[in-house]
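Okay, structure first, notes after.
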Amino acid sequence: MPMQRFLPPVVFCAILTIGLAMSFTLYEAAHHASEIRAQGLADEVVDRLSERLRRNLSLLRATRSLYMSHRGNVTREEFKTFVSGLEVDETYPGVLGIGFAKLIDRGQEAAAQAEITRDYAGDRVIWPESDQERRTPIMLLEPLNPRNNAAIGFDMFQEPVRRAAMETAMLASEIVATAPVQLVQEMTSEKQAGFLAYAPVYAPATGFEVDNTRQTAPIKGFVYSPIRAGDLFNAVLRQKPTLAIKVKAYDVEANAKPLFVAAGFDDERDDFSSIVTRKTKFAGRTWMLDIGIEKGTAWSLDQILPYFIAVSSVLFAMAVAYVIHAQLQALVSAHRQRALSERKMEDKELLLQEMKHRIKNSIARIMAISRQTLLHSKSLDEFSDSFNARLQAMANAQDALTQSHWQKADLFDLLAMELEQVLGRESFGDQISGPDIELNEEAAPALGLTFHELATNALKYSDVADREDALSVTWNVCESPNSRELQIRWVEMSKATVKAPTHKGFGTKLIDANILGVLSGTINRQYSENGLVIDISIPLPPQRSKEGKSSKRS
């Protein structure tokens with residue numbers, strides 16, 4: 001028998017060990033699956049970006065084909081019509097436009113400026129000054145908007161980053177992109193990093209053909225495209241279905257100069273479930289992408305399962321151990337049940353004694369009410385009506401208490417019962433309202449009689465019989481560090497002036513006895529031309545009343 005005491009903990013430990021081992025195995029598998037999913041999300045981002053970049057390059061190839069088909073000479077109207085058909089603004093986020101930069105030698109600026117002035121009204125100049133032997137002013141740039149208009153005539157060859165890309169494009173006869181630069185079009189305070197892609201354009205002779213390696217004809221200039229990196233990457237991230245990721249991209253060959261940093265990426269780096277790094281190439285440049293996977297993105301059932309198994313193992317081990325323990329403690333439970341039965345008998349006897357005490361108190365109160373009612377009644381009928389009404393008020397309070405086993409009564413329900421009995425109405429709309437207040441066995445009968453007397457007086461002296469809004473009863477609880485107080489305001493409206501009585505009747509005395517004597521509260525009556533206002537304050541026990549729902553009922 002002593003050895004059996006160790007059976008529940010042994011079984012508990014065995015089941016728990018098996019469950020935790022299973023959980024750890026599932027956790028490792030889920031972690032591996034999470035990494036695979038993270039890699040998949042990163043690949044998806046790279047694929048989306050690569051697809052958009054390929055589409056952007058196709059714009060340059062198509063535009064270069066236009067120049068090749070026109071033997072290197074395209075008018076501004078032809079260029080404008082061609083670019084407008086591409087719908088760059090709507091279809092290619094980040095691409096600011098398509099342009100043509102003419103390759104000229106120093107000293108040929110005047111002819112180029114005249115050509116620009118011819119195509120674009122105004123006094124156009126080639127800018128800025130340059131110490132290079134060659135220049136590549138922007139001759140055409142569409143669609144023409146304020147940003148692009150400001151870039152017309154800009155000599156890109158004088159800027160080292162742009163010049164390096166154009167020289168590489170001439171040598172390789174391929175489309176080449178620049179390292180990150182600030183575009184001329186960045187005219188506002190909110191600037192983005194950008195880059196440009198250049199496609200060399202040749203002026204072929206008759207029968208000229210392009211081989212697969214190099215161009216042999218003289219170069220005419222460059223078809224190029226300025227691209228805002230922020231708009232490009234945001235379009236990738238907003239593409240449906242959206243991915244819960246954030247990206248930081250930078251150019252590897254440009255000293256890791258940032259191309260794009262998603263809002264909050266650096267601040268939330270420690271909050272990502274993982275960060276996956278990817279490389280992608282675009283027009284001769286190598287970009288590095290740090291892709292942060294937001295927590296929750298890769299979570300699925302197989303990742304939740306290890307924790308579920310662990311918790312279930314603990315609960316199952318506890319349940320089995322408890323069942324075994326319960327069986328071993330059967331005799332002890334029997335003794336406890338017997339002791340509990342004896343205690344219930346004692347509690348029942350105590351309840352009977354308490355009931356006897358309360359019945360005696362109720363009888364004493366009824367006898368006092370009957371004597372006072374008899375002294376103030378002019379006839380037996382008057383005594384019968386008044387006495388029966390007051391007994392009914394006591395009965396209402398007792399009903400409210402007995403429904404909660406003599407623990408408490410709801411203030412709203414008690415007030416509504418008394419008003420319904422006296423005024424003969426079942427609904428009071430917004431006339432009575434306040435927070436939920438539970439009255440104990442002492443406060444309920446006292447307030448029940450008080451409400452009955454106040455309602456009876458209101459029926460006699462105010463306009464409640466003629467209109468429903470002539471009576472209003474509200475209450476609230478005023479709390480301080482050391483006390484709680486129930487404040488009740490009773491308002492009666494009357495067309496006639498209400499004056500203070502010259503002597504107290506039994507009803508007034510009964511109210512004062514209940515409020516001042518039984519409940520240790522205060523009562524203040526204010527008589528006016530429009531009616532009567534009665535303020536009642538009653539101290540409440542220190543424990544809080546039930547809150548959280550409105551008692552504004554009808």
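Residues in the structure tokens are numbered from 1 in each chain, the chains being A, B, ... in the order shown, and ligands are numbered from 1 in the order shown.
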
(Q) Quick one: residues within 12 Å of stretch 107-110 of chain A, only C-alpha atoms, excluding same-chain residues fewer than 4 positions away - as a list of chain:residue names? (A) A:Lys102, A:Leu103, A:Ala114, A:Glu115, A:Ile116, A:Thr117, A:Asp123, A:Arg124, A:Val125, A:Ile126, A:Trp127, A:Pro128, A:Glu129, A:Ser130, A:Asp131, A:Gln132, A:Glu133, A:Arg134, A:Arg135, A:Thr136, A:Pro137, A:Ile138, A:Met139, A:Gly153, A:Phe154, A:Asp155

Output the selection as a compact mmCIF listing (two decimals), in the first residue's frame - N, CA and C atoms for each residue.
# COMPACT_ATOMS: atom_id res chain seq x y z
N LYS A 102 21.19 62.25 -76.90
CA LYS A 102 22.02 62.25 -78.09
C LYS A 102 23.50 62.36 -77.71
N LEU A 103 24.34 61.55 -78.33
CA LEU A 103 25.77 61.59 -78.08
C LEU A 103 26.42 62.59 -79.05
N ALA A 114 19.35 74.00 -80.41
CA ALA A 114 18.36 74.43 -81.40
C ALA A 114 17.34 73.33 -81.66
N GLU A 115 17.81 72.10 -81.70
CA GLU A 115 16.89 70.97 -81.91
C GLU A 115 15.93 70.81 -80.73
N ILE A 116 16.46 70.98 -79.51
CA ILE A 116 15.60 70.87 -78.32
C ILE A 116 14.58 72.00 -78.31
N THR A 117 15.04 73.21 -78.63
CA THR A 117 14.13 74.37 -78.64
C THR A 117 13.04 74.20 -79.68
N ASP A 123 13.30 78.75 -74.25
CA ASP A 123 14.73 78.92 -74.46
C ASP A 123 15.45 77.77 -73.78
N ARG A 124 15.73 76.72 -74.50
CA ARG A 124 16.31 75.51 -73.92
C ARG A 124 17.84 75.55 -74.03
N VAL A 125 18.48 75.08 -73.00
CA VAL A 125 19.94 75.03 -72.99
C VAL A 125 20.38 73.65 -72.54
N ILE A 126 21.62 73.31 -72.83
CA ILE A 126 22.21 72.07 -72.34
C ILE A 126 22.93 72.38 -71.03
N TRP A 127 22.62 71.65 -70.04
CA TRP A 127 23.15 71.96 -68.71
C TRP A 127 23.50 70.66 -68.00
N PRO A 128 24.35 70.68 -66.99
CA PRO A 128 25.20 71.78 -66.54
C PRO A 128 26.47 71.83 -67.38
N GLU A 129 27.40 72.71 -66.99
CA GLU A 129 28.69 72.78 -67.69
C GLU A 129 29.45 71.47 -67.49
N SER A 130 30.28 71.11 -68.47
CA SER A 130 30.98 69.83 -68.40
C SER A 130 32.41 69.99 -68.91
N ASP A 131 33.32 69.19 -68.35
CA ASP A 131 34.69 69.18 -68.83
C ASP A 131 34.98 67.95 -69.68
N GLN A 132 33.94 67.21 -70.02
CA GLN A 132 34.08 66.00 -70.82
C GLN A 132 34.12 66.34 -72.31
N GLU A 133 34.82 65.49 -73.07
CA GLU A 133 34.90 65.69 -74.51
C GLU A 133 33.60 65.32 -75.21
N ARG A 134 32.82 64.46 -74.56
CA ARG A 134 31.53 64.06 -75.11
C ARG A 134 30.40 64.52 -74.17
N ARG A 135 29.26 64.70 -74.78
CA ARG A 135 28.09 65.11 -73.98
C ARG A 135 26.87 64.32 -74.45
N THR A 136 25.94 64.07 -73.52
CA THR A 136 24.70 63.34 -73.87
C THR A 136 23.50 64.10 -73.32
N PRO A 137 23.13 65.21 -73.94
CA PRO A 137 21.96 65.94 -73.46
C PRO A 137 20.68 65.17 -73.76
N ILE A 138 19.70 65.34 -72.89
CA ILE A 138 18.39 64.71 -73.08
C ILE A 138 17.65 65.50 -74.14
N MET A 139 17.41 64.86 -75.26
CA MET A 139 16.75 65.51 -76.39
C MET A 139 15.24 65.28 -76.37
N GLY A 153 17.34 68.62 -71.69
CA GLY A 153 18.60 69.32 -71.89
C GLY A 153 19.68 68.93 -70.90
N PHE A 154 19.34 68.09 -69.91
CA PHE A 154 20.33 67.71 -68.91
C PHE A 154 21.40 66.81 -69.54
N ASP A 155 22.68 67.16 -69.34
CA ASP A 155 23.81 66.40 -69.87
C ASP A 155 24.16 65.30 -68.87

(Q) List as a list of chain:residue names the protein and nucleic acid residues near A:His452, meaning an atom at most 9 Å away when only C-alpha atoms are counted, but skip any in the same chain fewer than 4 places from it. (A)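 What passes the distance filter is A:Ala389, A:Arg390, A:Ala393, A:Leu415, A:Glu418, A:Leu419, A:Gln421, A:Val422, A:Leu447, A:Gly448, A:Thr456, A:Asn457.
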
Those residues with C-alpha atoms, as a compact mmCIF listing (two decimals), in the first residue's frame please?
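Done, and the output landed in out_38.txt:
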# COMPACT_ATOMS: atom_id res chain seq x y z
CA ALA A 389 -50.34 49.19 0.54
CA ARG A 390 -47.52 49.39 3.08
CA ALA A 393 -44.33 47.36 -0.21
CA LEU A 415 -38.30 50.74 -7.48
CA GLU A 418 -43.39 50.04 -6.17
CA LEU A 419 -44.06 52.53 -8.98
CA GLN A 421 -48.17 49.18 -7.78
CA VAL A 422 -48.92 52.84 -7.03
CA LEU A 447 -36.15 51.56 0.61
CA GLY A 448 -39.22 49.61 -0.51
CA THR A 456 -48.12 57.73 -3.10
CA ASN A 457 -47.35 61.39 -2.32

(Q) So that I can see what lies close to A:Asp512, please list as a list in words the residues with an atom at most 9 Å from it, counting only C-alpha atoms and leaving out residues fewer than 3 positions away in the same chain. (A)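 The residues that qualify are Thr450, Gly507, Thr508, Lys509, Ile515, Leu516, Gly517, Thr522 and Ile523 of chain A.
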
Include N, CA and C atoms and write out the residues we just selected as a compact mmCIF listing (two decimals), in the first residue's frame.
# COMPACT_ATOMS: atom_id res chain seq x y z
N THR A 450 -39.94 53.33 1.57
CA THR A 450 -39.68 54.73 1.20
C THR A 450 -40.20 55.02 -0.20
N GLY A 507 -46.54 59.31 6.67
CA GLY A 507 -45.71 58.89 5.54
C GLY A 507 -44.33 59.53 5.60
N THR A 508 -44.30 60.84 5.90
CA THR A 508 -43.00 61.53 6.01
C THR A 508 -42.19 60.97 7.15
N LYS A 509 -42.86 60.72 8.28
CA LYS A 509 -42.15 60.15 9.43
C LYS A 509 -41.60 58.76 9.10
N ILE A 515 -34.81 56.14 6.28
CA ILE A 515 -33.57 56.70 5.73
C ILE A 515 -32.60 57.10 6.84
N LEU A 516 -33.12 57.87 7.84
CA LEU A 516 -32.23 58.38 8.87
C LEU A 516 -31.91 57.33 9.92
N GLY A 517 -32.94 56.55 10.30
CA GLY A 517 -32.74 55.61 11.39
C GLY A 517 -32.20 54.27 10.94
N THR A 522 -29.11 60.36 4.79
CA THR A 522 -29.61 61.73 4.85
C THR A 522 -30.67 61.93 3.79
N ILE A 523 -31.58 62.88 4.03
CA ILE A 523 -32.62 63.20 3.06
C ILE A 523 -32.82 64.70 3.03

Q.
Which residues are close to A:Asn149, i.e. within 12 Å by only C-alpha atoms, leaving aside same-chain residues fewer than 3 positions away? Reply as an MDAnalysis selection string.
A. chainID A and resid 96:97 99 116 119:122 124 138:146 152:154 184:187

What's the 10 Å shell around stretch 271-279 of chain A, counting only C-alpha atoms, without same-chain residues fewer than 4 positions away, as a JSON list (two decimals) with N, CA, C and O atoms, in the first residue's frame?
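Here's the written file selection.json:
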[["chain", "number", "residue", "atom", "x", "y", "z"],
["A", 34, "SER", "N", 9.04, 25.97, -41.68],
["A", 34, "SER", "CA", 8.94, 27.43, -41.66],
["A", 34, "SER", "C", 10.06, 28.06, -42.46],
["A", 34, "SER", "O", 9.85, 29.04, -43.19],
["A", 35, "GLU", "N", 11.26, 27.50, -42.34],
["A", 35, "GLU", "CA", 12.38, 28.03, -43.12],
["A", 35, "GLU", "C", 12.14, 27.84, -44.62],
["A", 35, "GLU", "O", 12.46, 28.71, -45.42],
["A", 38, "ALA", "N", 9.71, 30.41, -45.71],
["A", 38, "ALA", "CA", 10.35, 31.72, -45.77],
["A", 38, "ALA", "C", 11.17, 31.84, -47.05],
["A", 38, "ALA", "O", 11.16, 32.89, -47.72],
["A", 39, "GLN", "N", 11.89, 30.77, -47.41],
["A", 39, "GLN", "CA", 12.66, 30.79, -48.65],
["A", 39, "GLN", "C", 11.73, 30.95, -49.85],
["A", 39, "GLN", "O", 12.06, 31.65, -50.82],
["A", 40, "GLY", "N", 10.57, 30.31, -49.77],
["A", 40, "GLY", "CA", 9.61, 30.42, -50.87],
["A", 40, "GLY", "C", 9.08, 31.84, -51.03],
["A", 40, "GLY", "O", 8.92, 32.34, -52.15],
["A", 41, "LEU", "N", 8.81, 32.51, -49.88],
["A", 41, "LEU", "CA", 8.34, 33.89, -49.94],
["A", 41, "LEU", "C", 9.42, 34.80, -50.54],
["A", 41, "LEU", "O", 9.13, 35.69, -51.34],
["A", 42, "ALA", "N", 10.66, 34.56, -50.14],
["A", 42, "ALA", "CA", 11.75, 35.36, -50.68],
["A", 42, "ALA", "C", 11.88, 35.16, -52.19],
["A", 42, "ALA", "O", 12.06, 36.12, -52.96],
["A", 43, "ASP", "N", 11.77, 33.92, -52.63],
["A", 43, "ASP", "CA", 11.84, 33.64, -54.08],
["A", 43, "ASP", "C", 10.69, 34.31, -54.82],
["A", 43, "ASP", "O", 10.86, 34.79, -55.94],
["A", 45, "VAL", "N", 9.22, 37.12, -54.02],
["A", 45, "VAL", "CA", 9.52, 38.54, -54.14],
["A", 45, "VAL", "C", 10.52, 38.78, -55.28],
["A", 45, "VAL", "O", 10.34, 39.68, -56.11],
["A", 46, "VAL", "N", 11.57, 37.96, -55.32],
["A", 46, "VAL", "CA", 12.58, 38.12, -56.37],
["A", 46, "VAL", "C", 11.96, 37.89, -57.75],
["A", 46, "VAL", "O", 12.25, 38.62, -58.71],
["A", 245, "ILE", "N", 5.72, 40.79, -45.75],
["A", 245, "ILE", "CA", 7.18, 40.88, -45.71],
["A", 245, "ILE", "C", 7.58, 42.34, -45.81],
["A", 245, "ILE", "O", 6.77, 43.21, -46.16],
["A", 246, "LYS", "N", 8.83, 42.61, -45.49],
["A", 246, "LYS", "CA", 9.42, 43.92, -45.71],
["A", 246, "LYS", "C", 10.79, 43.71, -46.34],
["A", 246, "LYS", "O", 11.46, 42.72, -46.04],
["A", 247, "VAL", "N", 11.19, 44.67, -47.19],
["A", 247, "VAL", "CA", 12.39, 44.48, -48.01],
["A", 247, "VAL", "C", 13.34, 45.66, -47.84],
["A", 247, "VAL", "O", 12.91, 46.82, -47.73],
["A", 248, "LYS", "N", 14.62, 45.33, -47.81],
["A", 248, "LYS", "CA", 15.69, 46.33, -47.92],
["A", 248, "LYS", "C", 16.58, 45.91, -49.07],
["A", 248, "LYS", "O", 17.09, 44.77, -49.09],
["A", 249, "ALA", "N", 16.77, 46.81, -50.05],
["A", 249, "ALA", "CA", 17.53, 46.47, -51.25],
["A", 249, "ALA", "C", 18.68, 47.46, -51.42],
["A", 249, "ALA", "O", 18.53, 48.65, -51.14],
["A", 250, "TYR", "N", 19.81, 46.95, -51.86],
["A", 250, "TYR", "CA", 20.97, 47.82, -52.10],
["A", 250, "TYR", "C", 21.82, 47.23, -53.21],
["A", 250, "TYR", "O", 21.76, 46.05, -53.53],
["A", 251, "ASP", "N", 22.61, 48.13, -53.81],
["A", 251, "ASP", "CA", 23.47, 47.78, -54.94],
["A", 251, "ASP", "C", 24.80, 47.28, -54.39],
["A", 251, "ASP", "O", 25.51, 48.01, -53.69],
["A", 252, "VAL", "N", 25.15, 46.04, -54.71],
["A", 252, "VAL", "CA", 26.36, 45.42, -54.15],
["A", 252, "VAL", "C", 27.61, 46.16, -54.62],
["A", 252, "VAL", "O", 28.55, 46.38, -53.84],
["A", 265, "PHE", "N", 11.64, 48.81, -41.58],
["A", 265, "PHE", "CA", 12.44, 47.59, -41.71],
["A", 265, "PHE", "C", 13.53, 47.52, -40.65],
["A", 265, "PHE", "O", 13.67, 46.51, -39.96],
["A", 266, "ASP", "N", 14.30, 48.58, -40.50],
["A", 266, "ASP", "CA", 15.41, 48.55, -39.54],
["A", 266, "ASP", "C", 14.90, 48.49, -38.11],
["A", 266, "ASP", "O", 15.51, 47.85, -37.25],
["A", 267, "ASP", "N", 13.78, 49.17, -37.82],
["A", 267, "ASP", "CA", 13.23, 49.16, -36.46],
["A", 267, "ASP", "C", 12.67, 47.80, -36.09],
["A", 267, "ASP", "O", 12.69, 47.41, -34.91],
["A", 286, "THR", "N", 24.26, 44.13, -59.79],
["A", 286, "THR", "CA", 23.90, 43.09, -58.83],
["A", 286, "THR", "C", 23.26, 43.75, -57.62],
["A", 286, "THR", "O", 23.87, 44.61, -56.97],
["A", 287, "TRP", "N", 22.03, 43.35, -57.34],
["A", 287, "TRP", "CA", 21.31, 43.89, -56.19],
["A", 287, "TRP", "C", 21.22, 42.83, -55.10],
["A", 287, "TRP", "O", 21.05, 41.64, -55.37],
["A", 288, "MET", "N", 21.36, 43.28, -53.87],
["A", 288, "MET", "CA", 21.17, 42.41, -52.71],
["A", 288, "MET", "C", 19.86, 42.80, -52.03],
["A", 288, "MET", "O", 19.61, 43.98, -51.78],
["A", 289, "LEU", "N", 19.04, 41.79, -51.74],
["A", 289, "LEU", "CA", 17.74, 42.02, -51.09],
["A", 289, "LEU", "C", 17.73, 41.31, -49.74],
["A", 289, "LEU", "O", 17.93, 40.10, -49.67],
["A", 290, "ASP", "N", 17.52, 42.08, -48.67],
["A", 290, "ASP", "CA", 17.25, 41.51, -47.35],
["A", 290, "ASP", "C", 15.73, 41.48, -47.19],
["A", 290, "ASP", "O", 15.08, 42.53, -47.16],
["A", 291, "ILE", "N", 15.19, 40.28, -47.10],
["A", 291, "ILE", "CA", 13.72, 40.11, -47.06],
["A", 291, "ILE", "C", 13.33, 39.65, -45.66],
["A", 291, "ILE", "O", 13.65, 38.53, -45.26],
["A", 292, "GLY", "N", 12.66, 40.52, -44.92],
["A", 292, "GLY", "CA", 12.22, 40.20, -43.56],
["A", 292, "GLY", "C", 10.84, 39.57, -43.58],
["A", 292, "GLY", "O", 9.88, 40.15, -44.10],
["A", 293, "ILE", "N", 10.75, 38.37, -43.03],
["A", 293, "ILE", "CA", 9.46, 37.66, -42.96],
["A", 293, "ILE", "C", 8.79, 38.05, -41.65],
["A", 293, "ILE", "O", 9.32, 37.80, -40.57],
["A", 294, "GLU", "N", 7.63, 38.71, -41.74],
["A", 294, "GLU", "CA", 6.95, 39.15, -40.53],
["A", 294, "GLU", "C", 6.44, 37.95, -39.74],
["A", 294, "GLU", "O", 6.02, 36.95, -40.31],
["A", 295, "LYS", "N", 6.48, 38.10, -38.43],
["A", 295, "LYS", "CA", 6.02, 37.00, -37.58],
["A", 295, "LYS", "C", 4.55, 36.70, -37.85],
["A", 295, "LYS", "O", 3.74, 37.60, -38.00],
["A", 296, "GLY", "N", 4.25, 35.44, -37.91],
["A", 296, "GLY", "CA", 2.87, 35.02, -38.18],
["A", 296, "GLY", "C", 2.65, 34.66, -39.63],
["A", 296, "GLY", "O", 1.71, 33.97, -39.95],
["A", 297, "THR", "N", 3.54, 35.12, -40.52],
["A", 297, "THR", "CA", 3.35, 34.83, -41.94],
["A", 297, "THR", "C", 3.46, 33.35, -42.24],
["A", 297, "THR", "O", 2.66, 32.77, -42.96],
["A", 298, "ALA", "N", 4.48, 32.68, -41.63],
["A", 298, "ALA", "CA", 4.74, 31.29, -41.96],
["A", 298, "ALA", "C", 4.12, 30.31, -40.98],
["A", 298, "ALA", "O", 4.35, 29.12, -41.05],
["A", 299, "TRP", "N", 3.35, 30.85, -40.04],
["A", 299, "TRP", "CA", 2.73, 29.95, -39.06],
["A", 299, "TRP", "C", 1.55, 29.21, -39.69],
["A", 299, "TRP", "O", 0.75, 29.77, -40.41]]

Compile the contact shell of A:Leu49 as a short mmCIF file (atom, residue, chain, number, x, y, z; two decimals) with all heavy atoms, in the first residue's frame: residues with an atom at most 10 Å away, counting only C-alpha atoms, same-chain residues fewer than 3 positions apart removed.
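Resulting contents of part-v6.cif:
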data_model
loop_
_atom_site.label_atom_id
_atom_site.label_comp_id
_atom_site.auth_asym_id
_atom_site.auth_seq_id
_atom_site.Cartn_x
_atom_site.Cartn_y
_atom_site.Cartn_z
N ASP A 43 11.77 33.92 -52.63
CA ASP A 43 11.84 33.64 -54.08
C ASP A 43 10.69 34.31 -54.82
O ASP A 43 10.86 34.79 -55.94
CB ASP A 43 11.81 32.12 -54.32
CG ASP A 43 13.08 31.44 -53.83
OD1 ASP A 43 14.12 32.13 -53.71
OD2 ASP A 43 13.04 30.22 -53.56
N GLU A 44 9.52 34.33 -54.18
CA GLU A 44 8.37 34.97 -54.81
C GLU A 44 8.62 36.46 -55.02
O GLU A 44 8.29 37.03 -56.07
CB GLU A 44 7.12 34.76 -53.94
CG GLU A 44 5.88 35.50 -54.39
CD GLU A 44 5.32 34.97 -55.70
OE1 GLU A 44 5.71 33.85 -56.11
OE2 GLU A 44 4.50 35.68 -56.31
N VAL A 45 9.22 37.12 -54.02
CA VAL A 45 9.52 38.54 -54.14
C VAL A 45 10.52 38.78 -55.28
O VAL A 45 10.34 39.68 -56.11
CB VAL A 45 10.09 39.09 -52.81
CG1 VAL A 45 10.57 40.54 -52.99
CG2 VAL A 45 9.03 39.03 -51.73
N VAL A 46 11.57 37.96 -55.32
CA VAL A 46 12.58 38.12 -56.37
C VAL A 46 11.96 37.89 -57.75
O VAL A 46 12.25 38.62 -58.71
CB VAL A 46 13.76 37.17 -56.12
CG1 VAL A 46 14.73 37.20 -57.30
CG2 VAL A 46 14.47 37.53 -54.83
N ARG A 52 9.08 42.48 -63.30
CA ARG A 52 8.85 43.90 -63.58
C ARG A 52 10.07 44.53 -64.26
O ARG A 52 9.93 45.37 -65.16
CB ARG A 52 8.51 44.65 -62.30
CG ARG A 52 7.11 44.34 -61.78
CD ARG A 52 6.72 45.21 -60.61
NE ARG A 52 5.35 44.92 -60.19
CZ ARG A 52 4.27 45.51 -60.69
NH1 ARG A 52 4.41 46.42 -61.64
NH2 ARG A 52 3.07 45.19 -60.26
N LEU A 53 11.26 44.12 -63.83
CA LEU A 53 12.46 44.65 -64.46
C LEU A 53 12.57 44.20 -65.91
O LEU A 53 12.99 44.96 -66.79
CB LEU A 53 13.69 44.23 -63.66
CG LEU A 53 13.82 44.86 -62.25
CD1 LEU A 53 15.00 44.26 -61.51
CD2 LEU A 53 13.94 46.38 -62.35
N ARG A 54 12.21 42.95 -66.17
CA ARG A 54 12.22 42.47 -67.55
C ARG A 54 11.25 43.27 -68.42
O ARG A 54 11.54 43.60 -69.58
CB ARG A 54 11.87 40.98 -67.60
CG ARG A 54 13.02 40.06 -67.22
CD ARG A 54 12.72 38.62 -67.61
NE ARG A 54 11.59 38.08 -66.86
CZ ARG A 54 11.71 37.44 -65.71
NH1 ARG A 54 12.91 37.26 -65.17
NH2 ARG A 54 10.64 36.97 -65.08
N ARG A 55 10.09 43.58 -67.85
CA ARG A 55 9.11 44.37 -68.60
C ARG A 55 9.65 45.78 -68.87
O ARG A 55 9.42 46.35 -69.95
CB ARG A 55 7.80 44.44 -67.83
CG ARG A 55 7.08 43.10 -67.75
CD ARG A 55 5.92 43.17 -66.77
NE ARG A 55 4.96 44.18 -67.15
CZ ARG A 55 3.94 44.56 -66.38
NH1 ARG A 55 3.79 44.02 -65.17
NH2 ARG A 55 3.11 45.48 -66.77
N LEU A 232 8.95 51.44 -57.59
CA LEU A 232 9.07 50.10 -58.17
C LEU A 232 8.89 49.02 -57.10
O LEU A 232 8.09 48.08 -57.27
CB LEU A 232 10.45 49.95 -58.83
CG LEU A 232 10.82 48.53 -59.30
CD1 LEU A 232 9.91 48.09 -60.42
CD2 LEU A 232 12.28 48.48 -59.72
N PHE A 233 9.60 49.13 -55.99
CA PHE A 233 9.52 48.10 -54.95
C PHE A 233 8.16 48.11 -54.26
O PHE A 233 7.64 47.05 -53.90
CB PHE A 233 10.64 48.30 -53.93
CG PHE A 233 11.95 47.71 -54.35
CD1 PHE A 233 12.88 48.47 -55.06
CD2 PHE A 233 12.24 46.39 -54.06
CE1 PHE A 233 14.08 47.92 -55.46
CE2 PHE A 233 13.45 45.83 -54.47
CZ PHE A 233 14.38 46.61 -55.17
N ALA A 235 5.34 48.78 -55.63
CA ALA A 235 4.42 48.09 -56.55
C ALA A 235 4.59 46.58 -56.43
O ALA A 235 3.61 45.83 -56.47
CB ALA A 235 4.67 48.55 -57.98
N VAL A 236 5.84 46.13 -56.27
CA VAL A 236 6.08 44.70 -56.10
C VAL A 236 5.44 44.19 -54.80
O VAL A 236 4.79 43.14 -54.77
CB VAL A 236 7.59 44.41 -56.10
CG1 VAL A 236 7.87 42.96 -55.70
CG2 VAL A 236 8.18 44.69 -57.47
N LEU A 237 5.60 44.95 -53.71
CA LEU A 237 5.08 44.50 -52.42
C LEU A 237 3.56 44.58 -52.34
O LEU A 237 2.94 43.83 -51.59
CB LEU A 237 5.70 45.36 -51.29
CG LEU A 237 7.22 45.24 -51.15
CD1 LEU A 237 7.72 46.15 -50.05
CD2 LEU A 237 7.63 43.79 -50.86
N THR A 280 19.93 39.43 -57.04
CA THR A 280 19.32 39.43 -58.36
C THR A 280 20.12 40.38 -59.25
O THR A 280 20.73 41.34 -58.77
CB THR A 280 17.85 39.88 -58.30
OG1 THR A 280 17.26 39.75 -59.60
CG2 THR A 280 17.71 41.32 -57.84
N PHE A 282 20.32 42.89 -62.70
CA PHE A 282 19.51 43.69 -63.59
C PHE A 282 20.43 44.57 -64.43
O PHE A 282 21.13 45.44 -63.89
CB PHE A 282 18.54 44.57 -62.80
CG PHE A 282 17.86 45.63 -63.63
CD1 PHE A 282 16.97 45.27 -64.63
CD2 PHE A 282 18.14 46.97 -63.42
CE1 PHE A 282 16.35 46.24 -65.41
CE2 PHE A 282 17.53 47.94 -64.19
CZ PHE A 282 16.63 47.58 -65.19
#

(Q) At a cut-off of 9 Å, using only C-alpha atoms, what residues contact A:Ile536? Leave out same-chain residues fewer than 5 positions from it and give the result as a PyMOL selection string. (A) chain A and resi 486-490+515+521-525

What would the file look like if the residues just selected were written as a short mmCIF file (atom, residue, chain, number, x, y, z; two decimals), in the first residue's frame with C-alpha atoms?
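File written: part_11.cif
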data_model
loop_
_atom_site.label_atom_id
_atom_site.label_comp_id
_atom_site.auth_asym_id
_atom_site.auth_seq_id
_atom_site.Cartn_x
_atom_site.Cartn_y
_atom_site.Cartn_z
CA LEU A 486 -25.61 55.70 -2.86
CA GLN A 487 -27.17 58.98 -4.01
CA ILE A 488 -30.82 58.95 -5.15
CA ARG A 489 -32.59 61.94 -6.70
CA TRP A 490 -36.42 61.90 -6.81
CA ILE A 515 -33.57 56.70 5.73
CA GLY A 521 -28.51 58.17 5.63
CA THR A 522 -29.61 61.73 4.85
CA ILE A 523 -32.62 63.20 3.06
CA ASN A 524 -33.10 66.69 1.67
CA ARG A 525 -36.37 68.05 0.21
#

Q) What separation in Å, quoted to one decimal, exists between atom CA of A:Pro542 and atom CA of A:Val477? A)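 Calculated distance between atom CA of A:Pro542 and atom CA of A:Val477 is 11.9 Å.
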
Q. Expressed in Å to a single decimal, how great is the separation between atom CA of A:Leu183 and atom CA of A:Leu243?
A.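 Value for the atom CA of A:Leu183-atom CA of A:Leu243 distance: 28.9 Å.
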
Q | Residue nearest A:Val88 - candidates A:Gly19, A:Pro306, A:Pro226, A:Pro501, atoms counted: only C-alpha atoms | A | A:Pro226

Q: Give me, please, the distance in Å between atom CA of A:His325 and atom CA of A:Cys13, quoted to one decimal.
A: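 Separating atom CA of A:His325 from atom CA of A:Cys13 is a distance of 14.2 Å.
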